[in-house]
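A.B. asks: Structure provided below as structure tokens; questions to follow.
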Amino acid sequence: MIDDDRDAAPAPEATPPAPKRRPLLLTDSPLGRRLTLPAALLLAIASGLLAVLAFPPYGAWPLAAVSVAGFGAAVHRRRLRGGLGVGFVYGMAFFLPLLAWSSTQVGQWPWLFLCALEALGMGLLGMFLAACSRLIDTRRWTLAPLTGVAWVAEEALRSRQPFGGFPWGNLAFSQAEAPTAAAIWLGGAPFLSFLVALSGGLLLAAGFALAGHIYGSQASPRGHCNGPQEAPSGPRAAGLRKAAAFTAAAALTALAPLALPLDATAPDGDTVNVAVVQGNVPRLGLSFNEQRRAVLDNHVQATKDLAAAVNAGRAERPDLVMWPENASDIDPLANDDAYDLISEAATAIGAPIVLGGIVHNDDGTRSNMTIVWDPEDGPVYMYSKRHPVPFAEYVPYKGFFSTVAGWIDPRMSEGLDSVAGFEHGQNAGIVEVGDHTIAGLICFEIAFDAETRDSVRDGAQLMAVGTNNATFDVNEAEQQLAMVALRSIEHGRDGLMASTVGVSAFTDHAGEVSQATEFNTAAVIQSDLTLSDRSTPASTVGILPEAVLTGAALVALACAILINLKHRRSQT
């Protein structure tokens with residue numbers, strides 16, 4: 001008999017295995033679970049944008065710490081190249097909108113180049129934190145302080161290199177309206193940045209603890225994505241308590257500086273009445289020479305109008321008048337008309353004028369100067385800007401960069417060839433105005449710790465900054481004013497910012513801003529300011545906090561490398 005199975009039930013076919021679902025949020029790595037690359041990139045972009053909102057004109061200062069936490073989560077447990085890439089993406093998401101004002105006149109290519117250089121620093125920070133992942137996982141108490149010192153080290157590098165550095169966007173400068181701001185009085189801008197990053201590290205620790213509460217053992221440093229695993233209720237509750245404790249510690253870190261005695265070094269010297277003249281600039285369409293002359297005329301006329309108000313009893317006669325940077329782009333020492341106009345204004349007001357001007361040197365170079373113009377003796381004191389801006393006021397390696405720029409866009413090369421080539425000033429950072437001494441800071445010099453600190457140590461009794469914001473926008477002006485307010489706290493000085501177009505304002509030793517002008521308007525503001533010869537802790541210790549914190553970052557990195565090497569040897 002032949003077996004016939006035609007009527008038998010068909011044998012079941014083998015079911016193919018279900019395809020593995022690609023994880024959307026978390027994935028395994030040699031160090032444990034980490035964010036998938038798409039999730040890390042999205043978090044980096046979101047965190048970079050949050051950081052922008054912490055700075056003026058938005059001023060949502062708590063978001064700076066939140067951004068630090070997001071950045072730390074995005075690079076944690078990544079390889080070095082992953083940390084570099086994710087950090088760079090964070091940097092571009094942050095700096096492109098923060099520095100958008102730099103593209104208003106010079107175009108998109110210089111803006112992109114500047115942002116890419118700045119973002120590279122964030123990429124190096126991402127590499128640093130990625131390299132320290134195993135150290136953080138094995139010693140979780142290191143997370144917050146390591147985050148703090150790593151950010152200080154990155155900002156120290158970016159504030160100095162390349163081409164003298166550019167510290168715009170340092171965490172400290174987002175805190176002008178925050179309770180944390182008082183910390184700058186104690187240890188300077190690097191210490192303030194450390195506290196902000198420390199708060200961010202504490203928030204990240206809270207996030208890790210909260211993840212442990214939600215996901216249980218999956219949140220362990222050695223956990224894997226093998227599906228949900230229920231953790232005992234005890235550890236889950238402990239994770240929630242830890243998250244709350246870390247969050248409270250972050251809030252306490254932000255609020256603790258309120259206890260610092262800023263009034264202990266409040267100005268206690270003579271009172272001087274200072275008038276700031278914001279002459280504004282003409283509308284677009286004038287030729288370059290007419291523009292320069294019109295700007296000078298505006299400041300002369302505004303000073304004469306103030307003199308008329310003084311003579312009529314409607315205003316107090318100032319002890320000094322402050323004009324902004326580039327108030328006289330026509331060399332007043334070489335041009336008789338400019339010399340006479342400024343002299344007329346000084347004579348009319350009966351007080352010295354401190355003005356910004358471009359001076360042609362005997363060797364054919366030019367200098368960006370702050371000049372003291374006496375009503376009787378004319379120019380009696382000059383300060384030359386010590387930190388000119390690369391690619392705007394001078395071009396390093398001009399032949400090389402002009403050639404490269406020509407490959408990208410011939411207009412860029414032409415722009416570089418037209419850069420004035422200002423000399424680096426070698427003078428002290430002060431301006432002597434009669435018996436008074438004020439800071440000689442010009443424009444972006446207020447962003448640099450050393451230039452600001454040196455001006456105070458050289459004897460500056462007021463924190464005075466002359467600036468030209470006509471080629472930027474109101475966002476840049478407000479970011480710069482925040483720096484002036486913070487520097488006033490840092491060194492216990494009343495201060496002022498005089499701008500061609502705004503924002504001009506006064507600041508006091510506690511960082512309060514008064515009489516801030518509108519942007520792109522003509523204005524004259526006047527206030528009594530108190531001189532000071534006192535030193536704050538930050539003025540006294542100088543670079544020491546930054547050096548100690550940066551040194552601690554390097555020690556932590558060395559320890560992390562040793563731990564990584566030891567682990568690698570144990571696996572072979």
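Identifiers in the structure tokens: chain A, B, ... in order shown; residue index from 1 per chain; ligand index from 1 in order shown.
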Which residues are near region 303-308 of chain A? Cut-off 7 Å, only C-alpha atoms, ignore same chain within fewer than 6 positions. Put them as a ChimeraX atom specification.
C.D. replies: /A:277,345,348-349
A.B. asks: Please dump the current selection as a PDB file, in the first residue's frame; keep N, CA and C atoms.
C.D. replies:
```
ATOM      1  N   VAL A 277      26.624 110.438  25.107  1.00  0.00           N
ATOM      2  CA  VAL A 277      26.008 110.934  23.881  1.00  0.00           C
ATOM      3  C   VAL A 277      25.926 109.802  22.866  1.00  0.00           C
ATOM      4  N   ALA A 345      32.669 121.520  20.484  1.00  0.00           N
ATOM      5  CA  ALA A 345      31.748 120.796  21.358  1.00  0.00           C
ATOM      6  C   ALA A 345      32.270 120.780  22.792  1.00  0.00           C
ATOM      7  N   ALA A 348      31.872 124.204  24.312  1.00  0.00           N
ATOM      8  CA  ALA A 348      30.471 124.519  24.590  1.00  0.00           C
ATOM      9  C   ALA A 348      29.990 123.849  25.878  1.00  0.00           C
ATOM     10  N   ILE A 349      30.349 122.605  26.080  1.00  0.00           N
ATOM     11  CA  ILE A 349      29.875 121.879  27.253  1.00  0.00           C
ATOM     12  C   ILE A 349      30.716 122.187  28.486  1.00  0.00           C
TER      13      ILE A 349
END
```
A.B. asks: Hey, what's within 12 Å of Leu84 (chain A) if we count only C-alpha atoms and toss same-chain stuff fewer than 3 positions away? As a PDB file with N, CA, C and O atoms, in the first residue's frame, please?
C.D. replies:
```pdb
ATOM      1  N   LEU A  41      21.518  63.582  18.429  1.00  0.00           N
ATOM      2  CA  LEU A  41      21.618  64.778  17.588  1.00  0.00           C
ATOM      3  C   LEU A  41      20.430  65.707  17.814  1.00  0.00           C
ATOM      4  O   LEU A  41      20.594  66.933  17.887  1.00  0.00           O
ATOM      5  N   ALA A  44      20.970  67.388  21.084  1.00  0.00           N
ATOM      6  CA  ALA A  44      22.022  68.402  20.974  1.00  0.00           C
ATOM      7  C   ALA A  44      21.485  69.674  20.328  1.00  0.00           C
ATOM      8  O   ALA A  44      21.764  70.791  20.787  1.00  0.00           O
ATOM      9  N   PHE A  71      23.226  68.678  26.835  1.00  0.00           N
ATOM     10  CA  PHE A  71      24.484  68.411  26.138  1.00  0.00           C
ATOM     11  C   PHE A  71      25.185  67.205  26.749  1.00  0.00           C
ATOM     12  O   PHE A  71      25.676  66.315  26.033  1.00  0.00           O
ATOM     13  N   ALA A  74      23.560  64.004  25.746  1.00  0.00           N
ATOM     14  CA  ALA A  74      23.742  63.678  24.325  1.00  0.00           C
ATOM     15  C   ALA A  74      25.097  63.034  24.049  1.00  0.00           C
ATOM     16  O   ALA A  74      25.217  62.185  23.155  1.00  0.00           O
ATOM     17  N   VAL A  75      26.129  63.402  24.788  1.00  0.00           N
ATOM     18  CA  VAL A  75      27.477  62.881  24.497  1.00  0.00           C
ATOM     19  C   VAL A  75      27.878  61.746  25.429  1.00  0.00           C
ATOM     20  O   VAL A  75      28.923  61.115  25.219  1.00  0.00           O
ATOM     21  N   HIS A  76      27.071  61.450  26.446  1.00  0.00           N
ATOM     22  CA  HIS A  76      27.460  60.429  27.422  1.00  0.00           C
ATOM     23  C   HIS A  76      27.543  59.050  26.770  1.00  0.00           C
ATOM     24  O   HIS A  76      26.668  58.638  26.023  1.00  0.00           O
ATOM     25  N   ARG A  78      29.415  58.023  24.422  1.00  0.00           N
ATOM     26  CA  ARG A  78      29.714  57.969  22.992  1.00  0.00           C
ATOM     27  C   ARG A  78      31.216  57.793  22.798  1.00  0.00           C
ATOM     28  O   ARG A  78      32.022  58.088  23.686  1.00  0.00           O
ATOM     29  N   ARG A  79      31.584  57.329  21.624  1.00  0.00           N
ATOM     30  CA  ARG A  79      32.996  57.277  21.269  1.00  0.00           C
ATOM     31  C   ARG A  79      33.514  58.703  21.091  1.00  0.00           C
ATOM     32  O   ARG A  79      32.736  59.651  20.993  1.00  0.00           O
ATOM     33  N   LEU A  80      34.834  58.830  21.005  1.00  0.00           N
ATOM     34  CA  LEU A  80      35.410  60.173  20.900  1.00  0.00           C
ATOM     35  C   LEU A  80      34.888  60.910  19.665  1.00  0.00           C
ATOM     36  O   LEU A  80      34.534  62.085  19.733  1.00  0.00           O
ATOM     37  N   ARG A  81      34.877  60.215  18.537  1.00  0.00           N
ATOM     38  CA  ARG A  81      34.410  60.893  17.317  1.00  0.00           C
ATOM     39  C   ARG A  81      32.925  61.235  17.420  1.00  0.00           C
ATOM     40  O   ARG A  81      32.472  62.244  16.869  1.00  0.00           O
ATOM     41  N   GLY A  87      28.919  67.223  19.776  1.00  0.00           N
ATOM     42  CA  GLY A  87      29.260  68.524  20.349  1.00  0.00           C
ATOM     43  C   GLY A  87      29.292  69.621  19.305  1.00  0.00           C
ATOM     44  O   GLY A  87      28.847  70.745  19.550  1.00  0.00           O
ATOM     45  N   PHE A  88      29.806  69.305  18.125  1.00  0.00           N
ATOM     46  CA  PHE A  88      29.852  70.297  17.049  1.00  0.00           C
ATOM     47  C   PHE A  88      28.441  70.685  16.613  1.00  0.00           C
ATOM     48  O   PHE A  88      28.160  71.869  16.380  1.00  0.00           O
ATOM     49  N   VAL A  89      27.545  69.701  16.518  1.00  0.00           N
ATOM     50  CA  VAL A  89      26.161  69.998  16.141  1.00  0.00           C
ATOM     51  C   VAL A  89      25.512  70.896  17.195  1.00  0.00           C
ATOM     52  O   VAL A  89      24.808  71.858  16.858  1.00  0.00           O
ATOM     53  N   TYR A  90      25.751  70.600  18.470  1.00  0.00           N
ATOM     54  CA  TYR A  90      25.254  71.477  19.540  1.00  0.00           C
ATOM     55  C   TYR A  90      25.790  72.892  19.341  1.00  0.00           C
ATOM     56  O   TYR A  90      25.037  73.873  19.456  1.00  0.00           O
ATOM     57  N   GLY A  91      27.091  72.996  19.077  1.00  0.00           N
ATOM     58  CA  GLY A  91      27.695  74.312  18.911  1.00  0.00           C
ATOM     59  C   GLY A  91      27.100  75.096  17.767  1.00  0.00           C
ATOM     60  O   GLY A  91      26.846  76.302  17.892  1.00  0.00           O
ATOM     61  N   ALA A 119      31.936  76.483  17.306  1.00  0.00           N
ATOM     62  CA  ALA A 119      31.329  75.167  17.514  1.00  0.00           C
ATOM     63  C   ALA A 119      32.389  74.083  17.663  1.00  0.00           C
ATOM     64  O   ALA A 119      32.148  73.063  18.323  1.00  0.00           O
ATOM     65  N   LEU A 120      33.548  74.280  17.055  1.00  0.00           N
ATOM     66  CA  LEU A 120      34.623  73.301  17.207  1.00  0.00           C
ATOM     67  C   LEU A 120      35.023  73.168  18.672  1.00  0.00           C
ATOM     68  O   LEU A 120      35.349  72.074  19.147  1.00  0.00           O
ATOM     69  N   GLY A 121      34.996  74.266  19.398  1.00  0.00           N
ATOM     70  CA  GLY A 121      35.271  74.208  20.830  1.00  0.00           C
ATOM     71  C   GLY A 121      34.267  73.337  21.557  1.00  0.00           C
ATOM     72  O   GLY A 121      34.625  72.559  22.452  1.00  0.00           O
ATOM     73  N   MET A 122      32.987  73.422  21.156  1.00  0.00           N
ATOM     74  CA  MET A 122      31.973  72.577  21.772  1.00  0.00           C
ATOM     75  C   MET A 122      32.188  71.115  21.381  1.00  0.00           C
ATOM     76  O   MET A 122      31.894  70.201  22.166  1.00  0.00           O
ATOM     77  N   GLY A 123      32.706  70.892  20.169  1.00  0.00           N
ATOM     78  CA  GLY A 123      33.036  69.528  19.772  1.00  0.00           C
ATOM     79  C   GLY A 123      34.124  68.933  20.649  1.00  0.00           C
ATOM     80  O   GLY A 123      34.050  67.764  21.048  1.00  0.00           O
ATOM     81  N   LEU A 124      35.129  69.738  20.960  1.00  0.00           N
ATOM     82  CA  LEU A 124      36.190  69.265  21.857  1.00  0.00           C
ATOM     83  C   LEU A 124      35.641  68.986  23.250  1.00  0.00           C
ATOM     84  O   LEU A 124      36.063  68.028  23.915  1.00  0.00           O
ATOM     85  N   LEU A 125      34.697  69.818  23.697  1.00  0.00           N
ATOM     86  CA  LEU A 125      34.058  69.563  24.982  1.00  0.00           C
ATOM     87  C   LEU A 125      33.282  68.245  24.943  1.00  0.00           C
ATOM     88  O   LEU A 125      33.302  67.466  25.911  1.00  0.00           O
ATOM     89  N   GLY A 126      32.614  67.970  23.824  1.00  0.00           N
ATOM     90  CA  GLY A 126      31.910  66.709  23.684  1.00  0.00           C
ATOM     91  C   GLY A 126      32.847  65.518  23.742  1.00  0.00           C
ATOM     92  O   GLY A 126      32.533  64.488  24.360  1.00  0.00           O
ATOM     93  N   MET A 127      34.021  65.649  23.112  1.00  0.00           N
ATOM     94  CA  MET A 127      35.028  64.589  23.187  1.00  0.00           C
ATOM     95  C   MET A 127      35.484  64.384  24.627  1.00  0.00           C
ATOM     96  O   MET A 127      35.637  63.249  25.095  1.00  0.00           O
ATOM     97  N   PHE A 128      35.710  65.472  25.324  1.00  0.00           N
ATOM     98  CA  PHE A 128      36.157  65.418  26.718  1.00  0.00           C
ATOM     99  C   PHE A 128      35.154  64.645  27.573  1.00  0.00           C
ATOM    100  O   PHE A 128      35.516  63.704  28.293  1.00  0.00           O
ATOM    101  N   LEU A 129      33.895  65.028  27.498  1.00  0.00           N
ATOM    102  CA  LEU A 129      32.882  64.377  28.331  1.00  0.00           C
ATOM    103  C   LEU A 129      32.654  62.931  27.906  1.00  0.00           C
ATOM    104  O   LEU A 129      32.400  62.066  28.755  1.00  0.00           O
ATOM    105  N   ALA A 130      32.748  62.658  26.612  1.00  0.00           N
ATOM    106  CA  ALA A 130      32.611  61.278  26.153  1.00  0.00           C
ATOM    107  C   ALA A 130      33.745  60.417  26.705  1.00  0.00           C
ATOM    108  O   ALA A 130      33.535  59.274  27.126  1.00  0.00           O
ATOM    109  N   ALA A 131      34.965  60.963  26.703  1.00  0.00           N
ATOM    110  CA  ALA A 131      36.111  60.218  27.229  1.00  0.00           C
ATOM    111  C   ALA A 131      35.974  59.949  28.715  1.00  0.00           C
ATOM    112  O   ALA A 131      36.534  58.973  29.231  1.00  0.00           O
TER     113      ALA A 131
END
```
A.B. asks: Quick one, how far is CA of Val404 (chain A) from CA of Phe444 (chain A)?
C.D. replies: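 That distance, rounded to one decimal, is 26.2 Å.
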A.B. asks: I'd like a table as CSV: residues in region 340-377 of chain A with an atom no more than 7 Å from region 381-388 of chain A, each row giving the shortest atom pair and its distance in Å to one decimal, only C-alpha atoms counted, sorted by chain and rising residue number.
C.D. replies:
```
residue,atom,partner,partner_atom,distance
A:Ser367,CA,A:Ser384,CA,6.2
A:Asn368,CA,A:Lys385,CA,5.6
A:Met369,CA,A:Ser384,CA,4.5
A:Thr370,CA,A:Tyr383,CA,5.0
A:Ile371,CA,A:Met382,CA,4.5
A:Val372,CA,A:Tyr381,CA,5.1
```
A.B. asks: For N, CA, C and O atoms, I'd like the residues from the last selection saved as a PDB file, in the first residue's frame.
C.D. replies:
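Output file selection-v1.pdb is given in full below:
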```
ATOM      1  N   SER A 367      45.156 103.038  14.282  1.00  0.00           N
ATOM      2  CA  SER A 367      44.799 102.571  15.624  1.00  0.00           C
ATOM      3  C   SER A 367      43.379 102.986  15.939  1.00  0.00           C
ATOM      4  O   SER A 367      42.925 104.076  15.569  1.00  0.00           O
ATOM      5  N   ASN A 368      42.681 102.085  16.643  1.00  0.00           N
ATOM      6  CA  ASN A 368      41.345 102.379  17.156  1.00  0.00           C
ATOM      7  C   ASN A 368      41.537 102.970  18.549  1.00  0.00           C
ATOM      8  O   ASN A 368      41.919 102.262  19.477  1.00  0.00           O
ATOM      9  N   MET A 369      41.259 104.248  18.684  1.00  0.00           N
ATOM     10  CA  MET A 369      41.655 105.005  19.871  1.00  0.00           C
ATOM     11  C   MET A 369      40.460 105.484  20.693  1.00  0.00           C
ATOM     12  O   MET A 369      39.383 105.753  20.157  1.00  0.00           O
ATOM     13  N   THR A 370      40.684 105.606  21.999  1.00  0.00           N
ATOM     14  CA  THR A 370      39.850 106.426  22.870  1.00  0.00           C
ATOM     15  C   THR A 370      40.673 107.661  23.218  1.00  0.00           C
ATOM     16  O   THR A 370      41.801 107.545  23.712  1.00  0.00           O
ATOM     17  N   ILE A 371      40.124 108.835  22.947  1.00  0.00           N
ATOM     18  CA  ILE A 371      40.864 110.097  23.078  1.00  0.00           C
ATOM     19  C   ILE A 371      40.160 110.992  24.096  1.00  0.00           C
ATOM     20  O   ILE A 371      38.930 111.148  24.056  1.00  0.00           O
ATOM     21  N   VAL A 372      40.926 111.564  25.011  1.00  0.00           N
ATOM     22  CA  VAL A 372      40.396 112.554  25.949  1.00  0.00           C
ATOM     23  C   VAL A 372      40.630 113.938  25.364  1.00  0.00           C
ATOM     24  O   VAL A 372      41.778 114.331  25.105  1.00  0.00           O
TER      25      VAL A 372
END
```
A.B. asks: Tell me, as an mmCIF file with C-alpha atoms, in the first residue's frame, which residues lie within 8 Å of Ala65 (chain A), counting only C-alpha atoms; anything in the same chain fewer than 4 positions away does not count.
C.D. replies:
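Just written: part_31.cif:
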```
data_model
loop_
_atom_site.group_PDB
_atom_site.id
_atom_site.type_symbol
_atom_site.label_atom_id
_atom_site.label_comp_id
_atom_site.auth_asym_id
_atom_site.auth_seq_id
_atom_site.Cartn_x
_atom_site.Cartn_y
_atom_site.Cartn_z
ATOM 1 C CA ALA A 69 22.362 68.933 31.104
ATOM 2 C CA VAL A 196 26.059 77.332 35.838
ATOM 3 C CA ALA A 197 27.653 74.158 34.437
ATOM 4 C CA LEU A 198 27.667 72.601 37.907
ATOM 5 C CA SER A 199 23.918 73.230 38.097
ATOM 6 C CA GLY A 200 23.577 71.606 34.688
ATOM 7 C CA GLY A 201 25.557 68.591 35.881
ATOM 8 C CA LEU A 203 20.227 68.406 36.638
#
```
A.B. asks: Please return, as a PyMOL selection string, all residues of region 56-209 of chain A that DSSP assigns to helix (DSSP H, G or I) on the basis of the backbone.
C.D. replies: chain A and resi 62-75+80-98+100-106+108-131+133-138+140-158+171-174+179-209
A.B. asks: Pull the strand (DSSP E or B) assignments for region 236-348 of chain A out of DSSP run on the backbone, and list those residues as number ranges by chain.
C.D. replies: A: 271-278, 284, 286, 320-322, 328
A.B. asks: Calculated over only C-alpha atoms, which of the candidates A:Asp473, A:Asp377, A:Asp449, A:Asp508 has the smallest distance to Arg160 (chain A)?
C.D. replies: A:Asp449
A.B. asks: Work out how far CA of Ala245 (chain A) is from CA of Leu202 (chain A), in Å to one decimal.
C.D. replies: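 Separating CA of Leu202 (chain A) from CA of Ala245 (chain A) is a distance of 9.2 Å.
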A.B. asks: Got a sec: who's within 7 Å of Ala150 (chain A), counting only C-alpha atoms, leaving out chain neighbours fewer than 3 positions off, as a list in words?
C.D. replies: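 Skipping anything fewer than 3 positions along the chain leaves Leu125, Leu146, Thr147, Ala153, Glu154 and Ala553 of chain A.
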A.B. asks: Could the residues in this selection be written to a file with N, CA and C atoms, as a tab-separated table (two decimals), in the first residue's frame?
C.D. replies:
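Printed below is out.tsv as written:
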```tsv
chain	number	residue	atom	x	y	z
A	125	LEU	N	34.70	69.82	23.70
A	125	LEU	CA	34.06	69.56	24.98
A	125	LEU	C	33.28	68.25	24.94
A	146	LEU	N	32.64	67.42	37.46
A	146	LEU	CA	33.39	67.22	36.22
A	146	LEU	C	32.76	68.02	35.08
A	147	THR	N	31.44	68.06	35.04
A	147	THR	CA	30.76	68.89	34.03
A	147	THR	C	31.16	70.35	34.19
A	153	ALA	N	37.15	74.73	31.23
A	153	ALA	CA	38.32	74.47	30.39
A	153	ALA	C	38.03	74.79	28.94
A	154	GLU	N	36.85	74.41	28.45
A	154	GLU	CA	36.49	74.71	27.06
A	154	GLU	C	36.41	76.20	26.82
A	553	ALA	N	40.11	70.03	35.48
A	553	ALA	CA	39.58	69.35	34.30
A	553	ALA	C	40.63	68.46	33.66
```
A.B. asks: Which residues, written as a PyMOL selection string, have at least one atom at most 12 Å from Ile342 (chain A), with only C-alpha atoms counted and residues fewer than 6 positions away on the same chain left out?
C.D. replies: chain A and resi 293+296-304+321+323+327-328+330-333+335-336+348-349+351-357+371-379
A.B. asks: Keeping only N, CA, C and O atoms, take the residues you just selected and write them out as a short mmCIF file (atom, residue, chain, number, x, y, z; two decimals), in the first residue's frame.
C.D. replies:
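So selection21.cif came out as:
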```cif
data_model
loop_
_atom_site.label_atom_id
_atom_site.label_comp_id
_atom_site.auth_asym_id
_atom_site.auth_seq_id
_atom_site.Cartn_x
_atom_site.Cartn_y
_atom_site.Cartn_z
N ARG A 293 31.50 111.72 8.28
CA ARG A 293 31.32 113.12 8.68
C ARG A 293 29.96 113.33 9.36
O ARG A 293 29.85 114.05 10.36
N LEU A 296 30.10 112.12 13.00
CA LEU A 296 30.78 113.10 13.84
C LEU A 296 29.88 114.31 14.09
O LEU A 296 29.75 114.79 15.23
N ASP A 297 29.22 114.80 13.03
CA ASP A 297 28.33 115.96 13.19
C ASP A 297 27.21 115.66 14.19
O ASP A 297 26.84 116.53 14.99
N ASN A 298 26.67 114.45 14.14
CA ASN A 298 25.59 114.09 15.05
C ASN A 298 26.04 114.19 16.50
O ASN A 298 25.29 114.68 17.37
N HIS A 299 27.23 113.72 16.80
CA HIS A 299 27.71 113.73 18.19
C HIS A 299 28.08 115.15 18.63
O HIS A 299 27.86 115.53 19.79
N VAL A 300 28.62 115.92 17.71
CA VAL A 300 28.92 117.32 18.04
C VAL A 300 27.63 118.08 18.34
O VAL A 300 27.53 118.81 19.35
N GLN A 301 26.62 117.92 17.48
CA GLN A 301 25.38 118.66 17.65
C GLN A 301 24.66 118.24 18.93
O GLN A 301 24.12 119.09 19.66
N ALA A 302 24.65 116.94 19.23
CA ALA A 302 23.99 116.48 20.46
C ALA A 302 24.67 117.05 21.69
O ALA A 302 24.00 117.38 22.69
N THR A 303 26.00 117.19 21.64
CA THR A 303 26.74 117.76 22.77
C THR A 303 26.44 119.25 22.90
O THR A 303 26.28 119.77 24.03
N LYS A 304 26.35 119.94 21.79
CA LYS A 304 26.00 121.36 21.83
C LYS A 304 24.57 121.56 22.36
O LYS A 304 24.30 122.51 23.10
N VAL A 321 32.00 113.97 29.37
CA VAL A 321 31.06 113.53 28.35
C VAL A 321 31.68 112.35 27.62
O VAL A 321 32.85 112.40 27.23
N TRP A 323 31.59 109.92 24.39
CA TRP A 323 31.15 109.58 23.05
C TRP A 323 31.56 108.14 22.75
O TRP A 323 32.53 107.63 23.33
N ALA A 327 33.05 107.51 16.97
CA ALA A 327 32.34 108.79 16.88
C ALA A 327 33.02 109.70 15.87
O ALA A 327 32.36 110.51 15.21
N SER A 328 34.36 109.57 15.76
CA SER A 328 35.10 110.31 14.73
C SER A 328 35.98 109.35 13.96
O SER A 328 37.13 109.13 14.32
N ILE A 330 36.91 110.05 11.11
CA ILE A 330 37.86 110.97 10.49
C ILE A 330 38.93 111.28 11.53
O ILE A 330 38.61 111.72 12.64
N ASP A 331 40.19 111.03 11.22
CA ASP A 331 41.28 111.22 12.17
C ASP A 331 41.27 112.66 12.68
O ASP A 331 41.61 113.59 11.94
N PRO A 332 40.89 112.89 13.95
CA PRO A 332 40.79 114.26 14.44
C PRO A 332 42.14 114.91 14.69
O PRO A 332 42.21 116.14 14.86
N LEU A 333 43.20 114.12 14.71
CA LEU A 333 44.53 114.69 14.90
C LEU A 333 45.12 115.17 13.58
O LEU A 333 46.02 116.01 13.57
N ASN A 335 42.94 115.85 10.69
CA ASN A 335 41.96 116.60 9.93
C ASN A 335 41.55 117.85 10.72
O ASN A 335 40.99 117.74 11.82
N ASP A 336 41.81 119.02 10.17
CA ASP A 336 41.54 120.27 10.89
C ASP A 336 40.07 120.47 11.17
O ASP A 336 39.69 120.98 12.24
N ALA A 348 31.87 124.20 24.31
CA ALA A 348 30.47 124.52 24.59
C ALA A 348 29.99 123.85 25.88
O ALA A 348 29.31 124.48 26.70
N ILE A 349 30.35 122.60 26.08
CA ILE A 349 29.88 121.88 27.25
C ILE A 349 30.72 122.19 28.49
O ILE A 349 30.30 121.97 29.62
N ALA A 351 33.47 120.72 29.52
CA ALA A 351 33.93 119.49 30.18
C ALA A 351 34.71 118.66 29.18
O ALA A 351 34.49 118.78 27.97
N PRO A 352 35.62 117.84 29.65
CA PRO A 352 36.35 116.97 28.72
C PRO A 352 35.42 115.96 28.05
O PRO A 352 34.48 115.46 28.67
N ILE A 353 35.71 115.68 26.79
CA ILE A 353 34.97 114.66 26.03
C ILE A 353 35.87 113.46 25.84
O ILE A 353 37.03 113.59 25.41
N VAL A 354 35.37 112.27 26.17
CA VAL A 354 36.08 111.03 25.92
C VAL A 354 35.44 110.40 24.69
O VAL A 354 34.27 110.00 24.73
N LEU A 355 36.19 110.33 23.60
CA LEU A 355 35.59 109.92 22.33
C LEU A 355 36.39 108.82 21.65
O LEU A 355 37.60 108.69 21.88
N GLY A 356 35.72 108.06 20.82
CA GLY A 356 36.38 107.05 20.01
C GLY A 356 36.71 107.60 18.65
O GLY A 356 35.87 108.22 17.99
N GLY A 357 37.96 107.37 18.23
CA GLY A 357 38.39 107.89 16.93
C GLY A 357 39.42 106.99 16.27
O GLY A 357 40.10 106.21 16.95
N ILE A 371 40.12 108.83 22.95
CA ILE A 371 40.86 110.10 23.08
C ILE A 371 40.16 110.99 24.10
O ILE A 371 38.93 111.15 24.06
N VAL A 372 40.93 111.56 25.01
CA VAL A 372 40.40 112.55 25.95
C VAL A 372 40.63 113.94 25.36
O VAL A 372 41.78 114.33 25.11
N TRP A 373 39.53 114.68 25.15
CA TRP A 373 39.60 115.99 24.50
C TRP A 373 39.25 117.07 25.53
O TRP A 373 38.10 117.20 25.96
N ASP A 374 40.25 117.82 25.93
CA ASP A 374 40.06 118.87 26.95
C ASP A 374 39.51 120.14 26.29
O ASP A 374 39.90 120.48 25.16
N PRO A 375 38.63 120.87 26.98
CA PRO A 375 38.07 122.08 26.39
C PRO A 375 39.12 123.13 26.04
O PRO A 375 38.92 123.91 25.10
N GLU A 376 40.24 123.16 26.78
CA GLU A 376 41.26 124.17 26.53
C GLU A 376 42.47 123.62 25.77
O GLU A 376 43.01 124.29 24.89
N ASP A 377 42.87 122.39 26.10
CA ASP A 377 44.11 121.86 25.55
C ASP A 377 43.93 120.87 24.42
O ASP A 377 44.91 120.34 23.88
N GLY A 378 42.68 120.55 24.04
CA GLY A 378 42.47 119.59 22.97
C GLY A 378 42.79 118.17 23.42
O GLY A 378 42.58 117.81 24.58
N PRO A 379 43.32 117.35 22.52
CA PRO A 379 43.60 115.95 22.88
C PRO A 379 44.76 115.86 23.88
O PRO A 379 45.88 116.30 23.60
#
```
A.B. asks: Pick out the residues sitting within 10 Å of region 176-186 of chain A, and hand them over as an MDAnalysis selection string; count only C-alpha atoms, and ignore anything fewer than 3 positions along from it in its own chain.
C.D. replies: chainID A and resid 55:56 59:62 172:173 189:196 252:262 265 479 481:492 509:513 535:541 545
A.B. asks: Between CA of Ser455 (chain A) and CA of Ala266 (chain A), what is the spacing in Å?
C.D. replies: 17.7 Å
A.B. asks: Find the spatial neighbours of Phe166 (chain A), counting only C-alpha atoms, within a cut-off of 9 Å - ignore same-chain residues fewer than 6 positions away - and output them as an MDAnalysis selection string.
C.D. replies: chainID A and resid 118 158:160 389 444 447:448
